[in-house]
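Notes to accompany the following structure.
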Amino acid sequence: MTGRQHMTGRQQWCDEVPAGPGGAMTDEVGVITGPLTVRTTAVAGGLVRIEIQYTDAEEWYTLTGSPVPHHGDPAAVHAAALAAVRAGRAAEAPGAAPA
């Protein structure tokens with residue numbers, strides 16, 4: 001994890017990660033696979049929004065289950081999201097309520 005943090009008035013983390021077998025599930029297009037970029041942004045209400053894209057693409061997709069609570073540690077949620085995407089199996093946002 002490179003842990004690149006971008007300060008644009010809010011906390012944001014963005015890292016590239018290879019998707020594991022079965023990829024990551026998005027709200028907009030279903031499962032995506034391959035080299036991906038995960039972006040986690042702290043938003044109002046103690047939540048983080050997790051978005052994902054094919055690395056170097058323009059379109060961002062919502063990781064299914066996002067936004068999720070960060071319980072005071074949004075960087076930990078970002079790390080958990082990276083681990084979930086690495087594991088694959090149609091990964092969803094960590095801490096998301098089961099469907």
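For the structure tokens, the naming scheme is as follows: chains receive sequential letters (A, B, ...) according to their order of presentation, residues are indexed from 1 within each chain, and ligands are indexed from 1 in presentation order.
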Exercise. Any idea what's packed within 9 Å of region 17-23 of chain A, counting only C-alpha atoms, ignoring anything in its chain fewer than 6 positions away? Could you give it as an MDAnalysis selection string?
Worked result: chainID A and resid 1 31:38 55 82:91
Problem set entry | Gly45 (chain A) surroundings by only C-alpha atoms, 12 Å radius, close-in-sequence under 4 positions cut, as number ranges by chain | A: 49, 67-72
Seminar exercise, completed: Counting only C-alpha atoms, the residue among A:Val48, A:Val43, A:Glu92, A:Tyr61 that lies closest to Arg10 (chain A) is A:Val43
Problem set entry | Glu28 (chain A) surroundings by only C-alpha atoms, 9 Å radius, close-in-sequence under 5 positions cut, as a PyMOL selection string | chain A and resi 61-64
Exercise. Can you list every residue in chain A that DSSP puts in strand (DSSP E), as a PyMOL selection string?
Worked result: chain A and resi 4-5+12-18+24-26+30-32+35-43+47-54+61-62+68-69
Problem set entry | Residue among A:Ala57, A:Ala42, A:Ile52, A:Met25 lying closest to Asp73 (chain A), counting only C-alpha atoms |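 Using only C-alpha atoms, Asp73 (chain A) sits closest to A:Ala42.
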Exercise. Between CA of Glu51 (chain A) and CA of Arg39 (chain A), what is the distance, to one decimal in Å?
Worked result: 5.2 Å
